[in-house]
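With mmCIF, C-alpha atoms inside, this is upload36.cif:
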```cif
data_protein
loop_
_atom_site.label_atom_id
_atom_site.label_comp_id
_atom_site.auth_asym_id
_atom_site.auth_seq_id
_atom_site.Cartn_x
_atom_site.Cartn_y
_atom_site.Cartn_z
CA MET Z 229 54.36 16.91 293.11
CA VAL Z 230 52.89 20.42 292.89
CA ASN Z 231 50.84 21.62 295.85
CA GLY Z 232 48.92 24.82 296.45
CA ARG Z 233 48.12 27.03 299.42
CA SER Z 234 46.03 30.19 299.50
CA ALA Z 235 45.92 33.15 301.89
CA ALA Z 236 42.99 35.49 302.54
CA SER Z 237 44.97 38.09 304.50
CA LEU Z 238 48.52 39.38 304.65
CA GLN Z 239 48.93 38.07 308.20
CA GLU Z 240 47.93 34.57 307.09
CA ALA Z 241 50.26 34.75 304.10
CA LEU Z 242 53.20 35.78 306.26
CA LYS Z 243 52.61 32.94 308.72
CA ILE Z 244 52.60 30.43 305.88
CA ARG Z 245 55.69 32.03 304.37
CA ALA Z 246 57.50 31.83 307.73
CA ASN Z 247 56.66 28.20 308.44
CA GLU Z 248 56.65 26.54 305.03
CA LYS Z 249 58.80 26.53 301.92
CA VAL Z 250 56.49 28.10 299.36
CA VAL Z 251 56.67 29.98 296.08
CA PRO Z 252 54.41 33.06 296.26
CA TYR Z 253 52.39 34.11 293.22
CA ALA Z 254 49.31 36.14 292.33
CA GLY Z 255 48.82 36.22 288.56
CA GLY Z 256 50.77 33.08 287.77
CA THR Z 257 51.52 34.07 284.17
CA ASP Z 258 55.03 32.58 284.32
CA LEU Z 259 54.28 29.38 286.20
CA MET Z 260 53.60 27.29 283.11
CA VAL Z 261 56.86 28.48 281.58
CA GLU Z 262 58.90 27.58 284.66
CA ASN Z 263 57.24 24.16 285.01
CA ARG Z 264 58.62 23.58 288.51
CA LYS Z 265 58.25 20.21 290.20
CA ASP Z 266 58.01 19.28 293.89
CA VAL Z 267 56.95 22.76 294.90
CA THR Z 268 54.20 24.33 296.98
CA TYR Z 269 52.71 27.53 295.60
CA LEU Z 270 51.18 30.22 297.78
CA PHE Z 271 48.38 32.14 296.04
CA LEU Z 272 48.25 35.83 297.05
CA GLY Z 273 45.74 37.11 294.52
CA LYS Z 274 42.97 37.51 297.10
CA VAL Z 275 45.00 39.26 299.80
CA PRO Z 276 43.34 42.69 300.08
CA GLU Z 277 46.40 44.41 301.56
CA LEU Z 278 48.34 43.58 298.38
CA ARG Z 279 45.68 44.67 295.92
CA GLN Z 280 45.49 48.41 296.59
CA ILE Z 281 46.82 51.50 294.83
CA THR Z 282 47.10 54.39 297.26
CA ALA Z 283 49.10 57.61 297.65
CA ASP Z 284 50.68 59.55 300.49
CA ASP Z 285 52.52 62.88 300.40
CA GLU Z 286 55.56 61.42 298.62
CA TYR Z 287 54.67 58.17 296.88
CA VAL Z 288 52.14 56.28 294.85
CA ARG Z 289 51.98 52.87 296.51
CA ILE Z 290 51.20 49.96 294.22
CA GLY Z 291 50.36 46.67 295.94
CA ALA Z 292 52.31 43.64 294.80
CA ALA Z 293 49.14 41.83 293.67
CA VAL Z 294 47.86 44.79 291.62
CA THR Z 295 47.52 43.79 287.97
CA PHE Z 296 48.86 45.81 285.07
CA THR Z 297 45.32 46.43 283.83
CA GLU Z 298 44.33 47.83 287.22
CA ALA Z 299 47.34 50.16 287.11
CA LEU Z 300 46.38 51.35 283.63
CA GLU Z 301 42.92 52.23 284.93
CA SER Z 302 44.16 54.09 288.02
CA PRO Z 303 44.45 57.90 287.99
CA LEU Z 304 47.22 57.64 290.58
CA VAL Z 305 49.75 55.70 288.50
CA PRO Z 306 52.26 57.92 286.61
CA ALA Z 307 52.02 58.12 282.82
CA LEU Z 308 55.53 56.72 282.39
CA MET Z 309 54.61 53.49 284.18
CA LYS Z 310 51.37 53.25 282.24
CA GLU Z 311 53.17 53.59 278.93
CA ALA Z 312 55.51 50.74 279.84
CA VAL Z 313 52.96 48.27 281.19
CA ALA Z 314 50.58 48.98 278.31
CA LYS Z 315 53.12 47.20 276.10
CA ILE Z 316 53.27 44.05 278.21
CA ALA Z 317 52.11 41.07 276.16
CA ALA Z 318 48.35 40.81 275.46
CA PRO Z 319 45.30 42.01 277.42
CA ALA Z 320 44.83 38.57 279.00
CA ILE Z 321 48.36 38.69 280.43
CA ARG Z 322 47.95 42.28 281.62
CA ASN Z 323 44.70 41.28 283.32
CA ALA Z 324 46.50 38.61 285.35
CA GLY Z 325 50.14 39.72 285.61
CA THR Z 326 51.13 41.70 288.69
CA PHE Z 327 53.79 44.17 289.79
CA GLY Z 328 55.10 41.87 292.50
CA GLY Z 329 55.43 39.02 290.06
CA ASN Z 330 57.30 41.17 287.56
CA LEU Z 331 59.76 42.06 290.33
CA GLY Z 332 59.95 38.60 291.85
CA ASN Z 333 61.07 37.00 288.61
CA GLY Z 334 64.37 38.84 288.93
CA SER Z 335 64.53 39.53 285.20
CA ALA Z 336 66.16 42.57 283.61
CA LYS Z 337 63.53 42.30 280.84
CA ALA Z 338 60.64 43.12 283.18
CA ASP Z 339 58.88 46.18 281.77
CA SER Z 340 57.65 47.65 285.06
CA VAL Z 341 61.04 47.11 286.75
CA LEU Z 342 62.79 49.37 284.22
CA ILE Z 343 60.48 52.21 285.25
CA GLU Z 344 61.06 51.48 288.92
CA PHE Z 345 64.83 51.76 288.38
CA VAL Z 346 64.69 55.07 286.51
CA SER Z 347 62.21 56.60 288.96
CA ASP Z 348 64.16 55.68 292.14
CA ALA Z 349 61.33 53.49 293.37
CA LYS Z 350 61.37 51.86 296.77
CA LEU Z 351 60.01 48.46 297.78
CA ARG Z 352 58.24 47.58 301.00
CA LEU Z 353 59.14 44.05 302.08
CA VAL Z 354 57.27 42.36 304.94
CA SER Z 355 57.60 39.28 307.13
CA VAL Z 356 56.38 38.10 310.54
CA ARG Z 357 59.53 39.78 311.90
CA GLY Z 358 58.48 43.21 310.65
CA GLU Z 359 59.10 45.20 307.50
CA ARG Z 360 61.85 47.02 305.66
CA VAL Z 361 61.99 49.45 302.76
CA VAL Z 362 64.73 49.04 300.15
CA ASP Z 363 65.70 50.85 296.96
CA VAL Z 364 64.81 48.83 293.89
CA ASP Z 365 68.35 48.91 292.51
CA ALA Z 366 69.64 47.44 295.78
CA PHE Z 367 66.94 44.76 295.64
CA TYR Z 368 68.25 43.42 292.33
CA LEU Z 369 71.50 41.54 292.99
CA GLY Z 370 71.82 39.96 289.55
CA ARG Z 371 69.91 37.68 287.22
CA LYS Z 372 67.26 35.88 289.29
CA LYS Z 373 68.99 37.07 292.48
CA LEU Z 374 67.03 39.29 294.84
CA ASP Z 375 67.48 40.80 298.30
CA LEU Z 376 64.43 38.89 299.53
CA MET Z 377 64.60 36.64 302.59
CA GLU Z 378 62.96 33.22 302.67
CA ASP Z 379 60.19 34.50 304.96
CA GLU Z 380 59.58 37.84 303.22
CA LEU Z 381 57.00 38.97 300.70
CA ILE Z 382 57.03 41.97 298.40
CA ALA Z 383 54.14 44.10 299.68
CA GLU Z 384 54.29 47.40 297.79
CA ILE Z 385 56.14 49.33 295.12
CA TRP Z 386 56.55 53.02 295.94
CA LEU Z 387 56.82 55.41 292.99
CA PRO Z 388 57.58 59.12 293.55
CA LYS Z 389 54.51 61.28 293.06
CA GLU Z 390 56.52 64.08 291.49
CA GLY Z 391 59.40 64.36 289.06
CA LEU Z 392 58.32 61.79 286.47
CA GLU Z 393 56.40 64.12 284.17
CA HIS Z 394 59.17 64.65 281.59
CA TYR Z 395 60.34 61.35 280.21
CA TYR Z 396 61.37 59.35 277.18
CA TYR Z 397 60.50 55.64 276.87
CA GLU Z 398 61.18 53.10 274.14
CA LYS Z 399 60.88 49.32 273.94
CA VAL Z 400 62.59 47.43 271.13
CA GLY Z 401 61.21 43.94 270.49
CA GLY Z 402 61.30 41.35 267.76
CA ARG Z 403 57.80 42.28 266.65
CA ASN Z 404 55.20 45.00 267.16
CA ALA Z 405 52.98 43.06 269.56
CA LEU Z 406 53.39 40.44 272.31
CA ALA Z 407 57.12 41.18 272.33
CA ILE Z 408 59.59 40.39 275.09
CA SER Z 409 62.05 43.26 275.27
CA ARG Z 410 65.33 42.89 273.42
CA ILE Z 411 66.26 46.37 274.54
CA SER Z 412 64.29 48.88 276.57
CA PHE Z 413 65.15 52.39 277.68
CA ALA Z 414 63.61 54.96 279.99
CA GLY Z 415 64.91 58.43 280.70
CA VAL Z 416 63.57 61.04 283.12
CA TYR Z 417 64.54 64.69 282.77
CA GLY Z 418 64.26 67.60 285.20
CA GLU Z 419 65.20 71.26 284.99
CA LYS Z 420 64.91 74.23 287.34
CA ASP Z 421 66.05 77.81 286.94
CA GLY Z 422 67.77 76.95 283.69
CA LYS Z 423 69.86 74.14 285.22
CA ILE Z 424 69.47 70.40 284.75
CA THR Z 425 68.34 68.76 287.98
CA LYS Z 426 67.69 65.22 286.73
CA CYS Z 427 68.98 63.11 283.86
CA ALA Z 428 68.09 59.56 284.91
CA CYS Z 429 68.75 56.84 282.31
CA ALA Z 430 67.95 53.13 282.63
CA PHE Z 431 68.49 50.27 280.18
CA GLY Z 432 66.62 46.98 280.36
CA ALA Z 433 67.05 43.53 278.79
CA VAL Z 434 70.73 44.06 277.95
CA ALA Z 435 72.49 42.68 281.03
CA ASP Z 436 71.84 40.55 284.12
CA THR Z 437 70.06 43.45 285.76
CA VAL Z 438 68.68 46.82 284.70
CA LEU Z 439 71.59 49.19 284.07
CA ARG Z 440 71.75 52.67 285.54
CA TYR Z 441 74.93 54.68 286.06
CA ARG Z 442 74.32 57.51 288.50
CA ASP Z 443 77.91 58.76 288.32
CA LEU Z 444 77.59 59.27 284.56
CA GLU Z 445 74.24 61.01 284.96
CA ALA Z 446 76.00 63.44 287.29
CA MET Z 447 78.07 64.69 284.34
CA LEU Z 448 75.08 66.80 283.23
CA ILE Z 449 73.52 67.67 286.58
CA GLY Z 450 73.78 71.36 287.42
CA LYS Z 451 74.60 72.38 283.85
CA THR Z 452 72.61 74.58 281.49
CA LYS Z 453 71.41 73.02 278.26
CA GLU Z 454 74.17 74.80 276.34
CA GLU Z 455 76.78 73.46 278.74
CA ALA Z 456 75.23 70.00 278.47
CA LYS Z 457 75.37 70.16 274.67
CA ALA Z 458 79.11 70.83 274.90
CA GLU Z 459 79.44 67.78 277.17
CA LYS Z 460 77.11 65.56 275.12
CA GLU Z 461 79.65 63.56 273.10
CA ALA Z 462 81.80 62.93 276.17
CA PHE Z 463 78.64 61.84 278.00
CA LEU Z 464 77.75 59.35 275.26
CA ALA Z 465 81.34 58.11 275.05
CA ALA Z 466 81.35 57.48 278.81
CA TYR Z 467 78.28 55.28 278.44
CA ALA Z 468 79.85 53.44 275.51
CA ASP Z 469 82.93 52.70 277.61
CA ARG Z 470 80.97 51.60 280.67
CA MET Z 471 78.34 49.36 279.10
CA VAL Z 472 79.21 45.66 279.02
CA LEU Z 473 76.18 43.95 277.54
CA THR Z 474 75.10 40.35 277.24
CA GLN Z 475 74.43 38.70 273.91
CA GLY Z 476 70.92 37.34 273.37
CA ARG Z 477 69.12 36.77 270.11
CA VAL Z 478 70.98 39.79 268.81
CA SER Z 479 74.66 40.66 269.25
CA ALA Z 480 76.05 42.68 272.15
CA GLU Z 481 77.44 45.17 269.63
CA TYR Z 482 73.98 45.74 268.13
CA ARG Z 483 72.51 46.18 271.58
CA LYS Z 484 75.11 48.78 272.51
CA ASP Z 485 74.51 50.74 269.30
CA VAL Z 486 70.77 50.79 269.93
CA CYS Z 487 71.23 51.78 273.58
CA LEU Z 488 73.42 54.72 272.60
CA ASN Z 489 70.94 55.78 269.91
CA LEU Z 490 68.13 55.72 272.46
CA LEU Z 491 70.23 57.70 274.92
CA ARG Z 492 70.97 60.28 272.22
CA ALA Z 493 67.26 60.49 271.32
CA PHE Z 494 66.41 61.12 274.98
CA LEU Z 495 68.88 64.00 275.17
CA GLU Z 496 67.64 65.49 271.90
CA LYS Z 497 64.02 65.34 273.05
CA PHE Z 498 64.90 67.76 275.83
CA GLY Z 499 67.05 70.04 273.72
CA ILE Z 500 70.50 68.63 274.50
#
```
Serialized structure, C-alpha cells:
Amino acid sequence: MVNGRSAASLQEALKIRANEKVVPYAGGTDLMVENRKDVTYLFLGKVPELRQITADDEYVRIGAAVTFTEALESPLVPALMKEAVAKIAAPAIRNAGTFGGNLGNGSAKADSVLIEFVSDAKLRLVSVRGERVVDVDAFYLGRKKLDLMEDELIAEIWLPKEGLEHYYYEKVGGRNALAISRISFAGVYGEKDGKITKCACAFGAVADTVLRYRDLEAMLIGKTKEEAKAEKEAFLAAYADRMVLTQGRVSAEYRKDVCLNLLRAFLEKFGI
C-alpha cells in the first residue's frame, strides 16, 4: 500500500521524518518510474524554507524543493548550473523536478549534481537533532548510496558565488532532446597573474558516482599556460590510466574516448 503525508513547514517535516519511515519528495518526477510498494511518501513541495534561492557573502543557497525552472529564472544562480539544468528533459519535468530530488536519487547521471561536484558545492542537511554541512563529493558514497541519515532531509545546496565564470560544459545523450546523459562533462578554469589557479574536471554518467580527481587536477595548478601545454599529454594520459568506467548502452571504451576528448576540448578552450 502507498500512503502519503504532507508538511507545511520544515519543523513539521523533520518531526515526521524522525518518527516515521517515509520517503521524502517534492517534484515526484521519478516516483512513477520507481513504482515502490508499501511505502509512505512525505511531500515537501509546500515547505517554504526549502523553496528559496538566497545568497550570502560566499554562497548561492538553493533550497532542496526549488525547481529547475525556478533556478533558470533566478538571477542568483550561476550560468554553469543554468546551462546544465536547461537540458534536463522537457519543460514539464523542469517545472516539477527539484534540486533535492536530483541529489536524493543518488545517480551519477543527475545533471545538477555534476555541476555541484565541479564547483565544490556544499550541502546543508537537517534533522530534529540539528544540522550539518557536507561536501557534495563526500555525500555521494556510490550508486544510490548517500551520507544521509534516516531522520535527515536535504535542506540546501550551496554553490560558490565566485570562481565559476570560466567553464566548459557538454552533455552527450542518445538524442538531441529529452536525453538522459550517457556522458557529461563540466570543467571550471581559473587563472591569476599568469598562473593557473583552478582546473576542476568532473565526469558524469560513466561510473557509480560523478568522477573527479583532484590529485590529477593539481598537475596543472600553479603552472603558466605554456608550462601546462608541455604537461598536457601527460595530464591526459594520467586521466586515461585512472578512469575505470562502467558499461551502459555504449561500451566503456567508447565512454573513455569521449571523456578524454571532452577533457582535451576543455583545455583547448582556455588555451592549453
Test item: the PyMOL selection byres ((chain Z and resi 247-254) around 12) resolved as a PyMOL selection string: chain Z and resi 230-235+240-246+255-259+262+264-276+278-279+291-295+323-333+355-356+377-383
Could those selected residues go to a file with C-alpha atoms, as a PDB file, in the frame of the given file?
```
ATOM      1  CA  VAL Z 230      52.890  20.420 292.890  1.00  0.00           C
ATOM      2  CA  ASN Z 231      50.840  21.620 295.850  1.00  0.00           C
ATOM      3  CA  GLY Z 232      48.920  24.820 296.450  1.00  0.00           C
ATOM      4  CA  ARG Z 233      48.120  27.030 299.420  1.00  0.00           C
ATOM      5  CA  SER Z 234      46.030  30.190 299.500  1.00  0.00           C
ATOM      6  CA  ALA Z 235      45.920  33.150 301.890  1.00  0.00           C
ATOM      7  CA  GLU Z 240      47.930  34.570 307.090  1.00  0.00           C
ATOM      8  CA  ALA Z 241      50.260  34.750 304.100  1.00  0.00           C
ATOM      9  CA  LEU Z 242      53.200  35.780 306.260  1.00  0.00           C
ATOM     10  CA  LYS Z 243      52.610  32.940 308.720  1.00  0.00           C
ATOM     11  CA  ILE Z 244      52.600  30.430 305.880  1.00  0.00           C
ATOM     12  CA  ARG Z 245      55.690  32.030 304.370  1.00  0.00           C
ATOM     13  CA  ALA Z 246      57.500  31.830 307.730  1.00  0.00           C
ATOM     14  CA  GLY Z 255      48.820  36.220 288.560  1.00  0.00           C
ATOM     15  CA  GLY Z 256      50.770  33.080 287.770  1.00  0.00           C
ATOM     16  CA  THR Z 257      51.520  34.070 284.170  1.00  0.00           C
ATOM     17  CA  ASP Z 258      55.030  32.580 284.320  1.00  0.00           C
ATOM     18  CA  LEU Z 259      54.280  29.380 286.200  1.00  0.00           C
ATOM     19  CA  GLU Z 262      58.900  27.580 284.660  1.00  0.00           C
ATOM     20  CA  ARG Z 264      58.620  23.580 288.510  1.00  0.00           C
ATOM     21  CA  LYS Z 265      58.250  20.210 290.200  1.00  0.00           C
ATOM     22  CA  ASP Z 266      58.010  19.280 293.890  1.00  0.00           C
ATOM     23  CA  VAL Z 267      56.950  22.760 294.900  1.00  0.00           C
ATOM     24  CA  THR Z 268      54.200  24.330 296.980  1.00  0.00           C
ATOM     25  CA  TYR Z 269      52.710  27.530 295.600  1.00  0.00           C
ATOM     26  CA  LEU Z 270      51.180  30.220 297.780  1.00  0.00           C
ATOM     27  CA  PHE Z 271      48.380  32.140 296.040  1.00  0.00           C
ATOM     28  CA  LEU Z 272      48.250  35.830 297.050  1.00  0.00           C
ATOM     29  CA  GLY Z 273      45.740  37.110 294.520  1.00  0.00           C
ATOM     30  CA  LYS Z 274      42.970  37.510 297.100  1.00  0.00           C
ATOM     31  CA  VAL Z 275      45.000  39.260 299.800  1.00  0.00           C
ATOM     32  CA  PRO Z 276      43.340  42.690 300.080  1.00  0.00           C
ATOM     33  CA  LEU Z 278      48.340  43.580 298.380  1.00  0.00           C
ATOM     34  CA  ARG Z 279      45.680  44.670 295.920  1.00  0.00           C
ATOM     35  CA  GLY Z 291      50.360  46.670 295.940  1.00  0.00           C
ATOM     36  CA  ALA Z 292      52.310  43.640 294.800  1.00  0.00           C
ATOM     37  CA  ALA Z 293      49.140  41.830 293.670  1.00  0.00           C
ATOM     38  CA  VAL Z 294      47.860  44.790 291.620  1.00  0.00           C
ATOM     39  CA  THR Z 295      47.520  43.790 287.970  1.00  0.00           C
ATOM     40  CA  ASN Z 323      44.700  41.280 283.320  1.00  0.00           C
ATOM     41  CA  ALA Z 324      46.500  38.610 285.350  1.00  0.00           C
ATOM     42  CA  GLY Z 325      50.140  39.720 285.610  1.00  0.00           C
ATOM     43  CA  THR Z 326      51.130  41.700 288.690  1.00  0.00           C
ATOM     44  CA  PHE Z 327      53.790  44.170 289.790  1.00  0.00           C
ATOM     45  CA  GLY Z 328      55.100  41.870 292.500  1.00  0.00           C
ATOM     46  CA  GLY Z 329      55.430  39.020 290.060  1.00  0.00           C
ATOM     47  CA  ASN Z 330      57.300  41.170 287.560  1.00  0.00           C
ATOM     48  CA  LEU Z 331      59.760  42.060 290.330  1.00  0.00           C
ATOM     49  CA  GLY Z 332      59.950  38.600 291.850  1.00  0.00           C
ATOM     50  CA  ASN Z 333      61.070  37.000 288.610  1.00  0.00           C
ATOM     51  CA  SER Z 355      57.600  39.280 307.130  1.00  0.00           C
ATOM     52  CA  VAL Z 356      56.380  38.100 310.540  1.00  0.00           C
ATOM     53  CA  MET Z 377      64.600  36.640 302.590  1.00  0.00           C
ATOM     54  CA  GLU Z 378      62.960  33.220 302.670  1.00  0.00           C
ATOM     55  CA  ASP Z 379      60.190  34.500 304.960  1.00  0.00           C
ATOM     56  CA  GLU Z 380      59.580  37.840 303.220  1.00  0.00           C
ATOM     57  CA  LEU Z 381      57.000  38.970 300.700  1.00  0.00           C
ATOM     58  CA  ILE Z 382      57.030  41.970 298.400  1.00  0.00           C
ATOM     59  CA  ALA Z 383      54.140  44.100 299.680  1.00  0.00           C
TER      60      ALA Z 383
END
```
If the box runs along x, y and z of the file and leaves 4 Å on each side of range 367-381 of chain Z, what are its centre and edge lengths in Å, one decimal, as JSON?
```
{"center_x": 64.4, "center_y": 39.0, "center_z": 296.1, "size_x": 22.8, "size_y": 19.5, "size_z": 25.7}
```
Expanded to explicit residues, what is the PyMOL selection byres ((chain Z and resi 372) around 9) for this file, as a PyMOL selection string? chain Z and resi 332-336+368-371+373-374+436-437
Find the spatial neighbours of Gly432 in chain Z, counting all atoms listed in the file, within a cut-off of 9 Å - ignore same-chain residues fewer than 6 positions away - and output them as a list in words.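 Within the cut-off, the hits are Ala336, Lys337, Ala338, Asp339, Val341, Leu342, Lys399, Ser409, Arg410, Ile411, Ser412, Phe413, Ala414, Val438 and Leu439 of chain Z.
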Nearest to Val478 in chain Z: which of Z:Ile449, Z:Gly415, Z:Ala433, Z:Val346 is it, counting only C-alpha atoms?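 Smallest separation from Val478 in chain Z among the options: Z:Ala433.
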In Å, with one decimal, what is the gap from CA of Val313 in chain Z to CA of Glu301 in chain Z?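 Pair CA of Val313 in chain Z / CA of Glu301 in chain Z returns 11.4 Å.
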Taking (67.8, 75.0, 279.0) in the file's coordinates as the center, which residues reach within 10 Å of it, counting all atoms listed in the file, put as a PyMOL selection string? chain Z and resi 419-424+451-457+498-500
Of the candidates Z:Leu473, Z:Val288, Z:Cys487, Z:Val434, which one gets nearest to Ser347 in chain Z if we count all atoms listed in the file?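 For Ser347 in chain Z, the nearest of the candidates is Z:Val288.
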In Å to one decimal, how far is CA of Ala428 in chain Z from CA of Val416 in chain Z?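 Interatomic distance, CA of Val416 in chain Z to CA of Ala428 in chain Z: 5.1 Å.
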Best match for closeness to His394 in chain Z among Z:Asp363, Z:Tyr467, Z:Leu351, Z:Cys427, counting all atoms listed in the file: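 Counting all atoms listed in the file, the residue closest to His394 in chain Z is Z:Cys427.
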On this file, the PyMOL selection byres ((chain Z and resi 484) around 10) gives some set of residues; write that set as a PyMOL selection string. chain Z and resi 411+434+467-468+471-474+479-483+485-490
To one decimal in Å, tell me the separation between CA of Glu461 in chain Z and CA of Phe345 in chain Z.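 That distance, rounded to one decimal, is 24.3 Å.
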Minimum-distance residue to Asp348 in chain Z, chosen among Z:Ala462, Z:Ala430, Z:Ala307, Z:Ile290 (using all atoms listed in the file): Z:Ala430
Polymer residues at most 9 Å from Leu392 in chain Z, all atoms listed in the file, same-chain spacing of 3 or more positions, as a VMD selection string: chain Z and resid 306 to 308 347 388 to 389 395 416 to 418
Compare Z:Leu376, Z:Met309, Z:Ile385, Z:Val364 by their minimum atom-to-atom distance to Gln280 in chain Z, counting all atoms listed in the file, and give me the closest one.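 Closest to Gln280 in chain Z, using all atoms listed in the file: Z:Ile385.
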Point out the residue among Z:Trp386, Z:Phe463, Z:Phe367, Z:Tyr441 with the least atom-to-atom distance to Leu304 in chain Z, counting all atoms listed in the file.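 Using all atoms listed in the file, Leu304 in chain Z sits closest to Z:Trp386.
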Around (62.0, 60.7, 275.2) in the file's own coordinates, what residues are found within 6 Å if you use all atoms listed in the file, given back as a list in words?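 Protein, DNA and RNA residues close to (62.0, 60.7, 275.2): Tyr395, Tyr396, Tyr397, Phe494 and Lys497 of chain Z.
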Those residues with C-alpha atoms, as an mmCIF file, in the frame of the given file please?
```
data_model
loop_
_atom_site.group_PDB
_atom_site.id
_atom_site.type_symbol
_atom_site.label_atom_id
_atom_site.label_comp_id
_atom_site.auth_asym_id
_atom_site.auth_seq_id
_atom_site.Cartn_x
_atom_site.Cartn_y
_atom_site.Cartn_z
ATOM 1 C CA TYR Z 395 60.340 61.350 280.210
ATOM 2 C CA TYR Z 396 61.370 59.350 277.180
ATOM 3 C CA TYR Z 397 60.500 55.640 276.870
ATOM 4 C CA PHE Z 494 66.410 61.120 274.980
ATOM 5 C CA LYS Z 497 64.020 65.340 273.050
#
```
